[in-house]
Structures are given as C-alpha cells and as structure tokens.
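For reference, upload37.txt (compact mmCIF, C-alpha atoms and all ligand atoms):
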# COMPACT_ATOMS: atom_id res chain seq x y z
CA MET W 1 12.82 -1.42 59.33
CA ILE W 2 9.24 -1.20 58.00
CA ASP W 3 8.59 1.70 60.36
CA ARG W 4 11.64 3.49 59.05
CA LEU W 5 10.57 2.94 55.44
CA ALA W 6 7.09 4.24 56.21
CA THR W 7 8.51 7.30 57.89
CA SER W 8 10.85 8.15 55.04
CA ARG W 9 8.04 7.64 52.50
CA ALA W 10 5.79 9.96 54.52
CA ALA W 11 8.59 12.50 54.67
CA ARG W 12 9.08 12.35 50.93
CA ARG W 13 5.36 12.75 50.36
CA GLY W 14 5.45 15.81 52.61
CA ASP W 15 8.30 17.33 50.56
CA GLN W 16 6.39 16.93 47.36
CA ALA W 17 3.08 18.07 48.76
CA GLY W 18 3.63 21.66 47.58
CA GLN W 19 4.35 20.73 43.94
CA ARG W 20 1.82 17.93 43.71
CA PRO W 21 -1.25 19.71 42.25
CA PHE W 22 0.95 21.40 39.65
CA SER W 23 2.74 18.25 38.51
CA ARG W 24 -0.55 16.35 38.44
CA ARG W 25 -2.12 19.05 36.27
CA LEU W 26 0.95 18.99 34.05
CA ARG W 27 0.70 15.23 33.73
CA LEU W 28 -3.02 15.51 32.95
CA VAL W 29 -2.40 18.14 30.26
CA GLY W 30 0.49 16.12 28.89
CA SER W 31 -1.43 12.88 28.64
CA SER W 32 -4.53 14.56 27.15
CA ALA W 33 -2.30 16.22 24.55
CA LEU W 34 -0.72 12.85 23.76
CA VAL W 35 -4.11 11.18 23.38
CA ALA W 36 -5.43 14.04 21.21
CA THR W 37 -2.30 14.02 19.03
CA THR W 38 -2.51 10.26 18.61
CA LEU W 39 -6.16 10.50 17.57
CA VAL W 40 -5.48 13.35 15.14
CA VAL W 41 -2.44 11.62 13.63
CA ALA W 42 -4.30 8.31 13.39
CA GLY W 43 -7.27 10.07 11.80
CA CYS W 44 -5.28 12.11 9.28
CA GLY W 45 -2.72 9.45 8.50
CA ALA W 46 -5.20 6.68 7.82
CA LEU W 47 -5.24 5.80 4.16
CA ARG W 48 -8.80 5.71 2.91
CA ASP W 49 -10.57 3.88 0.12
CA ASP W 50 -12.72 5.60 -2.48
CA GLU W 51 -15.69 5.67 -0.12
CA GLY W 52 -13.64 7.48 2.51
CA ARG W 53 -13.24 4.49 4.82
CA PRO W 54 -9.82 3.72 6.26
CA LEU W 55 -7.94 0.81 4.66
CA THR W 56 -8.94 -2.24 6.65
CA THR W 57 -8.60 -6.01 6.59
CA LEU W 58 -11.90 -6.27 8.46
CA ASP W 59 -14.00 -5.60 5.37
CA PRO W 60 -12.98 -8.45 3.04
CA LYS W 61 -13.94 -8.18 -0.64
CA GLY W 62 -12.25 -11.24 -2.09
CA VAL W 63 -11.74 -14.98 -1.73
CA GLN W 64 -8.41 -14.80 0.11
CA SER W 65 -9.36 -11.92 2.39
CA ASN W 66 -12.53 -13.80 3.36
CA ARG W 67 -10.43 -16.80 4.32
CA ILE W 68 -8.33 -14.55 6.55
CA ASP W 69 -11.51 -13.05 7.99
CA ASP W 70 -12.80 -16.56 8.75
CA LEU W 71 -9.71 -16.99 10.93
CA VAL W 72 -9.78 -13.52 12.48
CA THR W 73 -13.35 -13.82 13.75
CA PRO W 74 -12.93 -16.95 15.95
CA VAL W 75 -9.46 -15.82 17.11
CA PHE W 76 -10.85 -12.44 18.20
CA ALA W 77 -13.80 -14.15 19.89
CA VAL W 78 -11.52 -16.47 21.89
CA ALA W 79 -9.14 -13.60 22.71
CA GLY W 80 -12.11 -11.48 23.81
CA ILE W 81 -13.43 -14.19 26.16
CA VAL W 82 -9.95 -14.72 27.67
CA PHE W 83 -9.51 -10.95 28.05
CA VAL W 84 -12.80 -10.54 29.92
CA LEU W 85 -12.20 -13.58 32.17
CA VAL W 86 -8.62 -12.63 33.12
CA LEU W 87 -9.22 -8.91 33.64
CA GLY W 88 -12.54 -9.62 35.37
CA ALA W 89 -10.76 -11.94 37.84
CA VAL W 90 -8.02 -9.35 38.38
CA ALA W 91 -10.62 -6.64 39.09
CA ILE W 92 -12.66 -8.84 41.45
CA PHE W 93 -9.59 -9.95 43.44
CA ALA W 94 -8.17 -6.43 43.56
CA ILE W 95 -11.40 -5.08 45.04
CA LYS W 96 -12.27 -8.00 47.28
CA PHE W 97 -8.83 -8.45 48.83
CA ARG W 98 -7.72 -4.83 48.86
CA ARG W 99 -6.11 -3.36 51.96
CA LYS W 100 -8.87 -1.86 54.07
CA PRO W 101 -8.47 1.05 56.51
CA GLY W 102 -7.46 -0.27 59.88
CA ASP W 103 -5.82 -3.43 58.49
CA VAL W 104 -2.68 -4.28 60.38
CA ASP W 105 0.33 -5.46 58.38
CA GLY W 106 1.16 -9.10 58.98
CA VAL W 107 -2.15 -9.71 60.73
CA ASP W 108 -4.94 -8.90 58.28
CA GLU W 109 -3.17 -10.16 55.15
CA PRO W 110 -4.70 -13.12 53.27
CA VAL W 111 -3.23 -16.50 54.16
CA GLN W 112 0.06 -16.90 52.26
CA ILE W 113 0.22 -20.24 50.44
CA HIS W 114 2.74 -21.88 48.10
CA GLY W 115 1.24 -23.74 45.17
CA ILE W 116 -2.04 -25.48 44.41
CA PRO W 117 -1.07 -28.16 41.87
CA ARG W 118 -4.61 -28.69 40.57
CA LEU W 119 -4.99 -25.00 39.72
CA GLU W 120 -1.52 -24.79 38.19
CA TRP W 121 -2.15 -27.79 35.95
CA ALA W 122 -5.46 -26.25 34.91
CA TRP W 123 -4.02 -22.91 33.86
CA THR W 124 -1.16 -24.58 32.02
CA ILE W 125 -3.28 -27.09 30.13
CA ALA W 126 -6.22 -24.82 29.24
CA PRO W 127 -4.11 -22.23 27.32
CA ALA W 128 -2.09 -25.03 25.70
CA ILE W 129 -5.28 -26.59 24.31
CA LEU W 130 -6.52 -23.18 23.23
CA LEU W 131 -3.26 -22.26 21.45
CA GLY W 132 -3.12 -25.73 19.87
CA ALA W 133 -6.60 -25.24 18.40
CA LEU W 134 -5.71 -21.76 17.12
CA ALA W 135 -2.51 -23.14 15.57
CA VAL W 136 -4.55 -25.72 13.63
CA LEU W 137 -6.89 -22.99 12.35
CA ASN W 138 -3.87 -20.82 11.41
CA VAL W 139 -2.11 -23.53 9.45
CA GLN W 140 -5.36 -24.44 7.66
CA THR W 141 -5.75 -20.81 6.59
CA ILE W 142 -2.14 -20.62 5.38
CA TRP W 143 -2.72 -23.72 3.24
CA LYS W 144 -5.97 -22.33 1.87
CA LEU W 145 -4.20 -19.09 0.91
CA GLU W 146 -1.67 -21.13 -1.06
CA GLU W 147 -4.35 -22.86 -3.19
CA ARG W 148 -3.99 -21.93 -6.86
CA ASP W 149 -6.74 -22.15 -9.45
CA LYS W 150 -5.85 -23.81 -12.75
CA ASP W 151 -7.25 -20.94 -14.82
CA ALA W 152 -5.56 -18.27 -12.71
CA LEU W 153 -4.15 -15.25 -14.49
CA THR W 154 -0.53 -14.31 -13.82
CA VAL W 155 0.57 -10.72 -13.25
CA GLU W 156 4.15 -9.83 -12.47
CA VAL W 157 4.49 -7.17 -9.80
CA TYR W 158 7.65 -5.09 -9.38
CA GLY W 159 8.29 -2.88 -6.39
CA GLN W 160 10.25 0.27 -7.28
CA GLN W 161 11.21 3.32 -5.28
CA TRP W 162 8.36 4.53 -5.01
CA TRP W 163 5.73 3.01 -7.25
CA TRP W 164 4.51 -0.38 -8.46
CA GLU W 165 4.85 -1.83 -11.95
CA TYR W 166 2.63 -4.60 -13.38
CA ARG W 167 3.57 -6.78 -16.34
CA TYR W 168 1.14 -8.97 -18.29
CA ASP W 169 2.43 -11.70 -20.59
CA VAL W 170 -0.58 -12.11 -22.88
CA ASN W 171 0.81 -14.66 -25.37
CA ASP W 172 2.83 -16.65 -22.82
CA ASP W 173 6.17 -16.21 -24.57
CA GLY W 174 7.97 -15.15 -21.43
CA LYS W 175 8.04 -11.50 -22.50
CA PRO W 176 5.58 -8.93 -21.17
CA ASP W 177 3.07 -7.54 -23.68
CA VAL W 178 1.51 -4.98 -21.39
CA ILE W 179 3.34 -2.93 -18.80
CA THR W 180 1.52 -0.53 -16.58
CA ALA W 181 2.03 1.22 -13.27
CA ASN W 182 0.21 2.00 -10.03
CA GLN W 183 -3.17 0.64 -11.10
CA MET W 184 -3.45 -3.13 -11.65
CA VAL W 185 -6.44 -4.07 -13.78
CA ILE W 186 -7.84 -7.57 -13.22
CA PRO W 187 -11.00 -9.48 -14.14
CA ALA W 188 -13.39 -9.85 -11.19
CA GLY W 189 -14.20 -13.39 -10.06
CA ARG W 190 -10.94 -14.89 -11.35
CA GLN W 191 -7.87 -15.77 -9.33
CA ILE W 192 -4.79 -13.69 -10.03
CA ASN W 193 -1.37 -15.16 -9.33
CA LEU W 194 0.99 -12.37 -8.44
CA VAL W 195 4.68 -12.95 -9.07
CA ILE W 196 6.21 -10.33 -6.82
CA ARG W 197 9.74 -8.98 -7.24
CA SER W 198 11.68 -5.84 -6.40
CA ASN W 199 13.96 -3.73 -8.54
CA ASP W 200 15.75 -2.05 -5.63
CA VAL W 201 14.98 -2.48 -1.93
CA ILE W 202 12.43 -4.48 0.07
CA HIS W 203 8.82 -3.38 -0.41
CA SER W 204 5.61 -5.08 0.60
CA PHE W 205 2.51 -5.47 -1.53
CA TRP W 206 -0.76 -5.06 0.34
CA ILE W 207 -4.34 -4.68 -0.82
CA PRO W 208 -6.06 -5.23 2.53
CA SER W 209 -9.56 -5.89 1.21
CA LEU W 210 -8.22 -8.64 -1.10
CA ASN W 211 -5.40 -10.43 0.77
CA GLY W 212 -2.66 -10.04 3.35
CA LYS W 213 0.81 -8.62 2.73
CA LYS W 214 3.62 -10.13 0.67
CA ASP W 215 7.13 -8.73 0.59
CA ALA W 216 8.89 -7.79 -2.64
CA VAL W 217 12.53 -8.71 -2.00
CA PRO W 218 15.42 -8.02 -4.41
CA GLY W 219 16.73 -11.24 -5.93
CA ARG W 220 13.73 -13.28 -4.83
CA THR W 221 10.38 -14.18 -6.36
CA HIS W 222 7.35 -14.42 -4.13
CA VAL W 223 4.09 -15.85 -5.39
CA TRP W 224 0.89 -14.51 -3.94
CA SER W 225 -2.69 -14.52 -5.09
CA LEU W 226 -5.81 -12.44 -4.91
CA GLU W 227 -9.29 -12.52 -6.31
CA ALA W 228 -11.91 -9.77 -6.18
CA ASP W 229 -15.49 -10.97 -5.79
CA LYS W 230 -16.96 -7.96 -7.58
CA PRO W 231 -15.82 -5.19 -9.92
CA GLY W 232 -14.49 -2.20 -8.00
CA LEU W 233 -11.45 -0.25 -6.90
CA TYR W 234 -9.36 -1.70 -4.09
CA GLN W 235 -6.74 0.53 -2.51
CA GLY W 236 -3.39 -0.52 -1.10
CA THR W 237 -0.07 0.75 0.11
CA CYS W 238 3.52 -0.41 0.47
CA THR W 239 3.97 -1.79 3.98
CA GLU W 240 7.72 -2.31 4.25
CA PHE W 241 9.81 0.77 4.95
CA CYS W 242 11.62 1.42 1.68
CA GLY W 243 13.12 4.88 2.08
CA LEU W 244 12.12 8.49 1.72
CA SER W 245 8.69 8.14 0.06
CA HIS W 246 7.66 4.80 1.54
CA ALA W 247 4.46 6.40 2.86
CA TYR W 248 3.71 7.69 -0.66
CA MET W 249 4.01 4.36 -2.43
CA ARG W 250 0.43 3.42 -3.03
CA MET W 251 -1.42 1.28 -5.51
CA GLU W 252 -4.89 0.22 -6.47
CA VAL W 253 -6.46 -2.85 -8.00
CA LYS W 254 -9.24 -2.18 -10.48
CA ALA W 255 -11.42 -5.26 -10.90
CA VAL W 256 -13.64 -5.21 -14.00
CA PRO W 257 -16.03 -7.70 -15.63
CA ALA W 258 -14.22 -10.37 -17.70
CA ALA W 259 -15.30 -8.87 -21.05
CA ASP W 260 -14.10 -5.41 -20.05
CA TYR W 261 -10.80 -6.91 -19.00
CA GLU W 262 -10.29 -8.39 -22.48
CA THR W 263 -11.07 -5.01 -24.03
CA TRP W 264 -8.63 -3.32 -21.66
CA LEU W 265 -5.94 -5.87 -22.53
CA GLU W 266 -6.42 -5.23 -26.26
CA GLU W 267 -6.29 -1.45 -25.81
CA GLN W 268 -3.16 -1.67 -23.66
CA GLN W 269 -1.31 -3.65 -26.33
CA LYS W 270 -1.80 -0.94 -28.91
CA PRO W 271 1.17 1.38 -29.28
CA ALA W 272 0.65 5.06 -28.57
CA GLU W 273 -0.42 7.36 -31.38
CA VAL W 274 2.53 9.26 -32.77
CA PRO W 275 1.30 12.81 -33.36
CA THR W 276 2.06 14.75 -36.53
CA ASP W 277 2.33 18.48 -36.86
CA ASP W 278 0.03 18.78 -39.87
CA THR W 279 -3.72 18.56 -39.44
CA PRO W 280 -5.33 16.53 -42.21
CA ASP W 281 -8.92 17.54 -41.49
CA ASP W 282 -7.88 21.12 -40.70
CA THR W 283 -10.28 21.35 -37.76
CA THR W 284 -7.89 20.87 -34.87
CA ASP W 285 -4.57 22.47 -34.20
CA ASN W 286 -2.25 19.63 -33.27
CA SER W 287 0.90 21.72 -33.03
CA LEU W 288 0.94 21.87 -29.20
CA VAL W 289 0.65 18.07 -28.93
CA PHE W 290 3.40 17.66 -31.53
CA THR W 291 5.65 20.07 -29.63
CA GLY W 292 4.93 18.10 -26.45
CA TYR W 293 5.79 14.86 -28.24
CA THR W 294 9.13 16.35 -29.30
CA GLU W 295 9.77 17.61 -25.77
CA PHE W 296 8.92 14.16 -24.43
CA LYS W 297 11.44 12.50 -26.73
CA ASN W 298 14.10 15.05 -25.72
CA ASN W 299 13.46 15.20 -21.96
CA CYS W 300 11.49 12.23 -20.70
CA ALA W 301 12.13 9.25 -22.98
CA GLN W 302 15.43 8.37 -21.33
CA CYS W 303 13.44 7.04 -18.39
CA HIS W 304 9.78 6.80 -19.42
CA GLN W 305 8.77 4.34 -22.11
CA VAL W 306 5.89 5.04 -24.48
CA ASP W 307 5.35 2.01 -26.73
CA GLY W 308 5.30 2.81 -30.42
CA LEU W 309 7.23 6.02 -30.00
CA GLY W 310 10.30 4.34 -31.45
CA TYR W 311 8.78 3.63 -34.86
CA ASP W 312 8.50 5.74 -37.96
CA LYS W 313 4.87 6.64 -38.34
CA GLU W 314 4.94 7.48 -42.01
CA LEU W 315 6.36 4.10 -42.97
CA ASN W 316 4.19 2.46 -40.30
CA ASP W 317 5.83 -0.92 -40.90
CA GLY W 318 7.80 -1.15 -37.71
CA THR W 319 10.87 0.63 -39.13
CA PRO W 320 12.74 2.04 -36.15
CA ASP W 321 12.78 5.79 -35.77
CA PRO W 322 16.53 6.53 -36.06
CA ASP W 323 16.43 9.26 -33.42
CA TYR W 324 14.77 7.14 -30.78
CA GLY W 325 15.26 3.94 -28.92
CA GLY W 326 16.21 1.41 -31.56
CA ALA W 327 14.61 -1.70 -33.00
CA ASN W 328 14.52 -3.68 -29.80
CA HIS W 329 13.49 -0.88 -27.55
CA PRO W 330 12.18 -2.68 -24.47
CA LEU W 331 8.75 -2.00 -23.04
CA THR W 332 10.33 -1.14 -19.75
CA SER W 333 13.09 1.29 -19.04
CA GLY W 334 13.49 -0.11 -15.55
CA ASN W 335 13.57 3.33 -14.01
CA ALA W 336 10.22 4.97 -14.44
CA PRO W 337 6.60 4.06 -15.21
CA ASN W 338 5.62 3.07 -18.74
CA LEU W 339 3.34 5.90 -19.88
CA THR W 340 1.88 4.40 -23.08
CA HIS W 341 -1.67 4.42 -21.70
CA LEU W 342 -1.13 6.82 -18.81
CA MET W 343 -4.57 8.39 -19.12
CA SER W 344 -6.34 5.04 -18.76
CA ARG W 345 -5.32 5.13 -15.09
CA ASN W 346 -6.83 7.15 -12.25
CA LYS W 347 -3.71 8.50 -10.62
CA PHE W 348 0.01 8.97 -11.11
CA ALA W 349 3.28 9.18 -9.13
CA GLY W 350 2.74 6.19 -6.83
CA ASN W 351 -1.03 6.46 -7.20
CA LEU W 352 -1.03 9.71 -5.25
CA PHE W 353 -2.33 12.42 -7.58
CA ASP W 354 -5.51 12.43 -9.64
CA LEU W 355 -5.12 12.40 -13.41
CA TYR W 356 -8.67 13.68 -13.80
CA THR W 357 -10.68 16.39 -12.09
CA LYS W 358 -14.07 15.63 -10.52
CA ASP W 359 -15.88 16.61 -13.73
CA GLY W 360 -13.78 14.24 -15.82
CA GLN W 361 -11.32 16.72 -17.36
CA VAL W 362 -7.59 15.99 -17.49
CA ASN W 363 -6.08 17.40 -14.29
CA THR W 364 -3.63 19.69 -16.05
CA SER W 365 -2.67 21.46 -12.85
CA ASN W 366 -1.56 18.22 -11.13
CA LEU W 367 0.42 17.15 -14.21
CA GLY W 368 1.86 20.64 -14.68
CA ASN W 369 2.93 20.95 -11.04
CA TRP W 370 4.56 17.56 -11.22
CA LEU W 371 6.56 18.52 -14.30
CA ARG W 372 7.45 21.92 -12.79
CA ASN W 373 9.04 20.43 -9.66
CA PRO W 374 8.22 16.82 -8.73
CA LYS W 375 9.98 17.14 -5.39
CA ASN W 376 7.39 19.71 -4.27
CA MET W 377 4.72 17.03 -4.52
CA LYS W 378 6.53 13.95 -3.26
CA PRO W 379 9.86 13.57 -1.41
CA MET W 380 12.44 11.98 -3.71
CA ALA W 381 16.17 11.62 -4.24
CA PRO W 382 16.64 11.95 -8.01
CA ASP W 383 20.40 12.43 -7.58
CA GLU W 384 20.55 8.86 -6.33
CA ASN W 385 18.35 7.67 -9.18
CA ARG W 386 15.30 7.46 -6.93
CA GLY W 387 12.37 9.43 -8.23
CA MET W 388 11.87 12.01 -10.91
CA PRO W 389 14.34 14.89 -11.23
CA ASN W 390 13.43 18.53 -11.67
CA LEU W 391 14.15 19.09 -15.37
CA ASN W 392 13.83 22.89 -15.04
CA LEU W 393 11.26 22.99 -17.82
CA THR W 394 9.80 26.29 -19.00
CA SER W 395 6.06 27.00 -18.77
CA ASP W 396 5.79 26.52 -22.56
CA GLN W 397 7.50 23.15 -22.40
CA ILE W 398 5.25 22.07 -19.53
CA GLU W 399 2.09 23.16 -21.36
CA ALA W 400 3.12 21.21 -24.45
CA LEU W 401 4.10 18.12 -22.45
CA VAL W 402 0.78 18.11 -20.59
CA ALA W 403 -1.02 18.38 -23.95
CA TYR W 404 0.92 15.38 -25.26
CA LEU W 405 0.52 13.29 -22.07
CA SER W 406 -3.25 13.93 -22.22
CA THR W 407 -3.36 12.07 -25.55
CA LEU W 408 -1.92 8.87 -24.06
CA LYS W 409 -5.29 7.26 -23.48
CU1 LIG W 501 7.96 0.54 -0.98
CU2 LIG W 501 7.65 1.00 1.30

Would you give me this structure, written as structure tokens?
Ligand code: CUA
Amino acid sequence: MIDRLATSRAARRGDQAGQRPFSRRLRLVGSSALVATTLVVAGCGALRDDEGRPLTTLDPKGVQSNRIDDLVTPVFAVAGIVFVLVLGAVAIFAIKFRRKPGDVDGVDEPVQIHGIPRLEWAWTIAPAILLGALAVLNVQTIWKLEERDKDALTVEVYGQQWWWEYRYDVNDDGKPDVITANQMVIPAGRQINLVIRSNDVIHSFWIPSLNGKKDAVPGRTHVWSLEADKPGLYQGTCTEFCGLSHAYMRMEVKAVPAADYETWLEEQQKPAEVPTDDTPDDTTDNSLVFTGYTEFKNNCAQCHQVDGLGYDKELNDGTPDPDYGGANHPLTSGNAPNLTHLMSRNKFAGNLFDLYTKDGQVNTSNLGNWLRNPKNMKPMAPDENRGMPNLNLTSDQIEALVAYLSTLK
C-alpha cells in the first residue's frame, strides 16, 4: 500500500516536473506582489497624526490610554515569552527529529508513546495560571477605566453619517449651549465624561492616544471618558463600519489649558455676527459677505444652523427674524454640522479638509470645491439624506458663500 502511494506520488511529481519552475516563479511573483501591495496599502491607508505618525494606541497621551498601556506591556511581554518558547521548541524538535536520508520507515522513527500524565498536567495548568493572572489584570484595567472624577466635564457626542457632533451644556439646564462638529475642544488635565449616542447607524468613537473605542449605538447611551495630559491635537476616526464614507468619518480632540478652554466656551456661546450691506466706516466693502449671508439663508439654512441668524439685528433684542427659523430655532438641525463658529475649527466635512492654508489664510479653494460638488470630495448619498447634496450653485454664489463662511470665526 505504502509502496503504491509512493509510486503514484513519484509519478505525479514527474508529470509536474516540466511546469514546476514556471509555477514556482509565478507563485513567487504573486506572493511578492501581495506583500508589496499590503505594505503600500497599509502605508497609504494609515491615518496619521499631525506629526505624521500613524494613529496608534502604543503612544498614550492621557490617563485612560496610559492605563491601557500598563496592561498592554505585561500582556505583550508574557505573549512574547510564550511565543519564543513554543516556536523555539517546535524548531528544535523539527530539526532534531527530522527524517534523515537513509532512514527506513517503521524502523528509524522515534518511539511512539501514548500520554505522559505529568507533562500533560503541566501544560494544562501553566497556561491556566497564566490566563487567570491576565484576566485579573484585564478586569482591574476595565474597572480603572470606569472611574469617574467628581469634577469631570460632560460632553455629549453624537455619531452622524459621516461626522461627529459635540454638545456642551454650560449652565446645566439639560439643554446644550454650545454645539460644534468634528473638533472637540477640552481642557487639558481634566477628565471628560463622554455621553455617546448616534443619530442614525452604529458608529464607534476612537481617539487612540487618549482611550480605547466606544460604540455609538442608536437608541442607547454609552458613557466613556478621556483625559489629555497636555494641550495638543489628538486625532481619531470612526471604527465601526457605518456606510459609504465610514473611512472618511474622522475627528480630533483639541486639548487646551483650562483658561483657554473658558475663553473658547465664552466665544462659542456668542451668536454669529449678522452682516449688513451698508458699511458704516466706509473702509470695507461688505456687500459680498452680505450676499453670501443671503445665499446661506436661502440654500444652506435648512440643514446647517448658525446661531443668531434667526434674530433681527437692527432690533437686537432677540426678536425673531420673520423670514428665518422662528423664536425657538434649535441650536441643532439634526442633519448637518452647526456652523456658527466654523472657522474656529481646523477642518471640515468629517475633519477631512483643511479650513486654512499653511500660511494661515482661509482655504477658499477647499470650501469652494466643497460647495461646487461635495460628492467629488467625499462619497455621500444625499438622496437618502446622508451627506451634503450638490446644490448646483453658480461661481458667484459660491464666492459669496465662501466670503460669508469665512466670517464665522
Ligand atoms: Cu461612522 Cu464608521
């Protein structure tokens, strides 16, 4: 039987002998191409922070991420030791007991045995103890991540297709006083309690240098926390597949000193300036901004909120502007980012495109291209109420709108 098997195997080998070098070369080319593609894709696709480094959990910059790191280090060390021991043993045995030339089947094989209880107990108990110890460390870390400071600041986080909204209730009356998008501003050195929700599908909030991931699930509220040790920008991305532009749903946390945070909060609560078409000091021509403001009310205000836009500027006593919104116009439209202080942020459209050029000027080309045809810059399905539609604006309308948006500091 064995002889017959050996013969047929030899015969098969003989049949393939002619094609062998070719198929081996093909396999070699194929696997090198696969490796190269993987490296290129991994390199290009990696989301990077502002210093050009890929987003990573291995460079913790906050209290919670350091706690995770304190778990990761021993777990990796233990896993590394086990890896070396097991693979080392496999390599040694494979070399030492390999079939040597001239070995005769059934004669030169190692002695076949069935069971050594002492060894079997050892390799059952040792991993059990190891996993038990790791489980204790894991649970401890989970508990530590759930610790909440008494003076923690609460920020509500809403996942939307495909951007993030942040709501701050400054006077604790249950209603948000500041609503912003994409960039969450927080004071450094203070714990932030995130109350995470979703307005549509499941998303996942993740700022790797500050904490792990937490899902945003429709109909549920998840509490999560983070705290940045130092002022800085911390990049993140949605990590739960949420449709067409999931890969373009990014966010950043901007941690600032406590005093700067208070200033920011005050600025954000101010309504936007309502432009007028006359120029009191006669030095600047405000007509383009005013045209843009009118265009905004006609084309954008159905979805985008700009606080203060709904009120009559001349009366300036909170009297609602009859052609806009109404007295109780909410701070959020639910559909699109609140743009009241758009230009205080770094980026727009899911934190993808720069609002400013390198030399600090408003990036009018990014804003203009977005208004011209948003779908060219980011995949969206506006017909299904997901993402910004192409409003078929003329160049004049776009120029005016960009001029108005640039004033929303
Ligand atoms: Cu939101 Cu993926």

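Counting from CA of Ser287 in chain W, the distance to CA of Leu408 in chain W is 15.9 Å.
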
**Item:** Expected answer as a list of chain:residue names: residues within 9 Å of ligand LIG 501 (chain W), only C-alpha atoms and all ligand atoms
**Value:** W:Gly159, W:Gln160, W:Gln161, W:Trp162, W:Trp163, W:Trp164, W:Val201, W:Ile202, W:His203, W:Ser204, W:Phe205, W:Ala216, W:Thr237, W:Cys238, W:Thr239, W:Glu240, W:Phe241, W:Cys242, W:Gly243, W:Leu244, W:Ser245, W:His246, W:Ala247, W:Tyr248, W:Met249, W:Arg250

Those same residues, written as a compact mmCIF listing (two decimals), keeping the file's coordinate frame with C-alpha atoms?
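Saved file part11.txt follows:
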# COMPACT_ATOMS: atom_id res chain seq x y z
CA GLY W 159 8.29 -2.88 -6.39
CA GLN W 160 10.25 0.27 -7.28
CA GLN W 161 11.21 3.32 -5.28
CA TRP W 162 8.36 4.53 -5.01
CA TRP W 163 5.73 3.01 -7.25
CA TRP W 164 4.51 -0.38 -8.46
CA VAL W 201 14.98 -2.48 -1.93
CA ILE W 202 12.43 -4.48 0.07
CA HIS W 203 8.82 -3.38 -0.41
CA SER W 204 5.61 -5.08 0.60
CA PHE W 205 2.51 -5.47 -1.53
CA ALA W 216 8.89 -7.79 -2.64
CA THR W 237 -0.07 0.75 0.11
CA CYS W 238 3.52 -0.41 0.47
CA THR W 239 3.97 -1.79 3.98
CA GLU W 240 7.72 -2.31 4.25
CA PHE W 241 9.81 0.77 4.95
CA CYS W 242 11.62 1.42 1.68
CA GLY W 243 13.12 4.88 2.08
CA LEU W 244 12.12 8.49 1.72
CA SER W 245 8.69 8.14 0.06
CA HIS W 246 7.66 4.80 1.54
CA ALA W 247 4.46 6.40 2.86
CA TYR W 248 3.71 7.69 -0.66
CA MET W 249 4.01 4.36 -2.43
CA ARG W 250 0.43 3.42 -3.03

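Selecting by distance to (-4.4, -10.0, -7.6) with a limit of 6 Å and using only C-alpha atoms, one obtains Ile192, Leu194, Ser225, Leu226 and Glu227 of chain W.
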
**Residue neighbourhood Leu339 in chain W, 10 Å, all atoms listed in the file, exclusion window fewer than 3 positions, as a ChimeraX atom specification** = /W:179-181,272,301,304-307,332,336,342-345,348,405,408-409

**Request:** Would you mind reading off the distance between CA of Thr294 in chain W and CA of Asn363 in chain W, one decimal, in Å?
**Result:**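 Separating CA of Thr294 in chain W from CA of Asn363 in chain W is a distance of 21.4 Å.
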
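With distances restricted to all atoms listed in the file, W:Glu165 is the closest residue to Asn338 in chain W from W:Glu165, W:Thr394, W:Val185, W:Asn299.
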
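Once Ile68 in chain W and its same-chain neighbours fewer than 2 positions away are set aside, W:Thr57, W:Leu58, W:Pro60, W:Val63, W:Gln64, W:Ser65, W:Asn66, W:Asp70, W:Leu71, W:Val72, W:Thr73, W:Asn138, W:Thr141, W:Ile142, W:Lys144, W:Leu145, W:Leu210, W:Asn211, W:Gly212 remain within 10 Å of it when counting only C-alpha atoms.
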
Missing atoms in range 345-356 of chain W need filling: write out N, CA, C and O atoms for it as a compact mmCIF listing (two decimals), in the frame of the given file.
# COMPACT_ATOMS: atom_id res chain seq x y z
N ARG W 345 -5.38 5.35 -16.55
CA ARG W 345 -5.32 5.13 -15.09
C ARG W 345 -6.05 6.25 -14.36
O ARG W 345 -6.46 7.23 -14.97
N ASN W 346 -6.17 6.11 -13.06
CA ASN W 346 -6.83 7.15 -12.25
C ASN W 346 -5.84 8.16 -11.70
O ASN W 346 -6.15 9.34 -11.56
N LYS W 347 -4.66 7.65 -11.34
CA LYS W 347 -3.71 8.50 -10.62
C LYS W 347 -2.30 8.28 -11.13
O LYS W 347 -2.06 7.34 -11.88
N PHE W 348 -1.39 9.14 -10.71
CA PHE W 348 0.01 8.97 -11.11
C PHE W 348 0.94 9.20 -9.92
O PHE W 348 0.48 9.56 -8.83
N ALA W 349 2.24 8.97 -10.15
CA ALA W 349 3.28 9.18 -9.13
C ALA W 349 3.00 8.35 -7.86
O ALA W 349 2.78 8.89 -6.79
N GLY W 350 2.99 7.03 -8.00
CA GLY W 350 2.74 6.19 -6.83
C GLY W 350 1.28 6.23 -6.43
O GLY W 350 0.96 6.11 -5.25
N ASN W 351 0.41 6.41 -7.41
CA ASN W 351 -1.03 6.46 -7.20
C ASN W 351 -1.44 7.52 -6.18
O ASN W 351 -2.35 7.32 -5.38
N LEU W 352 -0.75 8.65 -6.23
CA LEU W 352 -1.03 9.71 -5.25
C LEU W 352 -1.91 10.82 -5.80
O LEU W 352 -2.76 11.36 -5.11
N PHE W 353 -1.69 11.21 -7.07
CA PHE W 353 -2.33 12.42 -7.58
C PHE W 353 -3.30 12.08 -8.71
O PHE W 353 -2.98 11.29 -9.60
N ASP W 354 -4.47 12.71 -8.66
CA ASP W 354 -5.51 12.43 -9.64
C ASP W 354 -5.10 12.89 -11.04
O ASP W 354 -4.60 14.00 -11.22
N LEU W 355 -5.35 12.03 -12.02
CA LEU W 355 -5.12 12.40 -13.41
C LEU W 355 -6.32 13.16 -13.98
O LEU W 355 -6.21 13.83 -15.00
N TYR W 356 -7.46 13.02 -13.33
CA TYR W 356 -8.67 13.68 -13.80
C TYR W 356 -9.28 14.52 -12.68
O TYR W 356 -9.15 14.17 -11.49
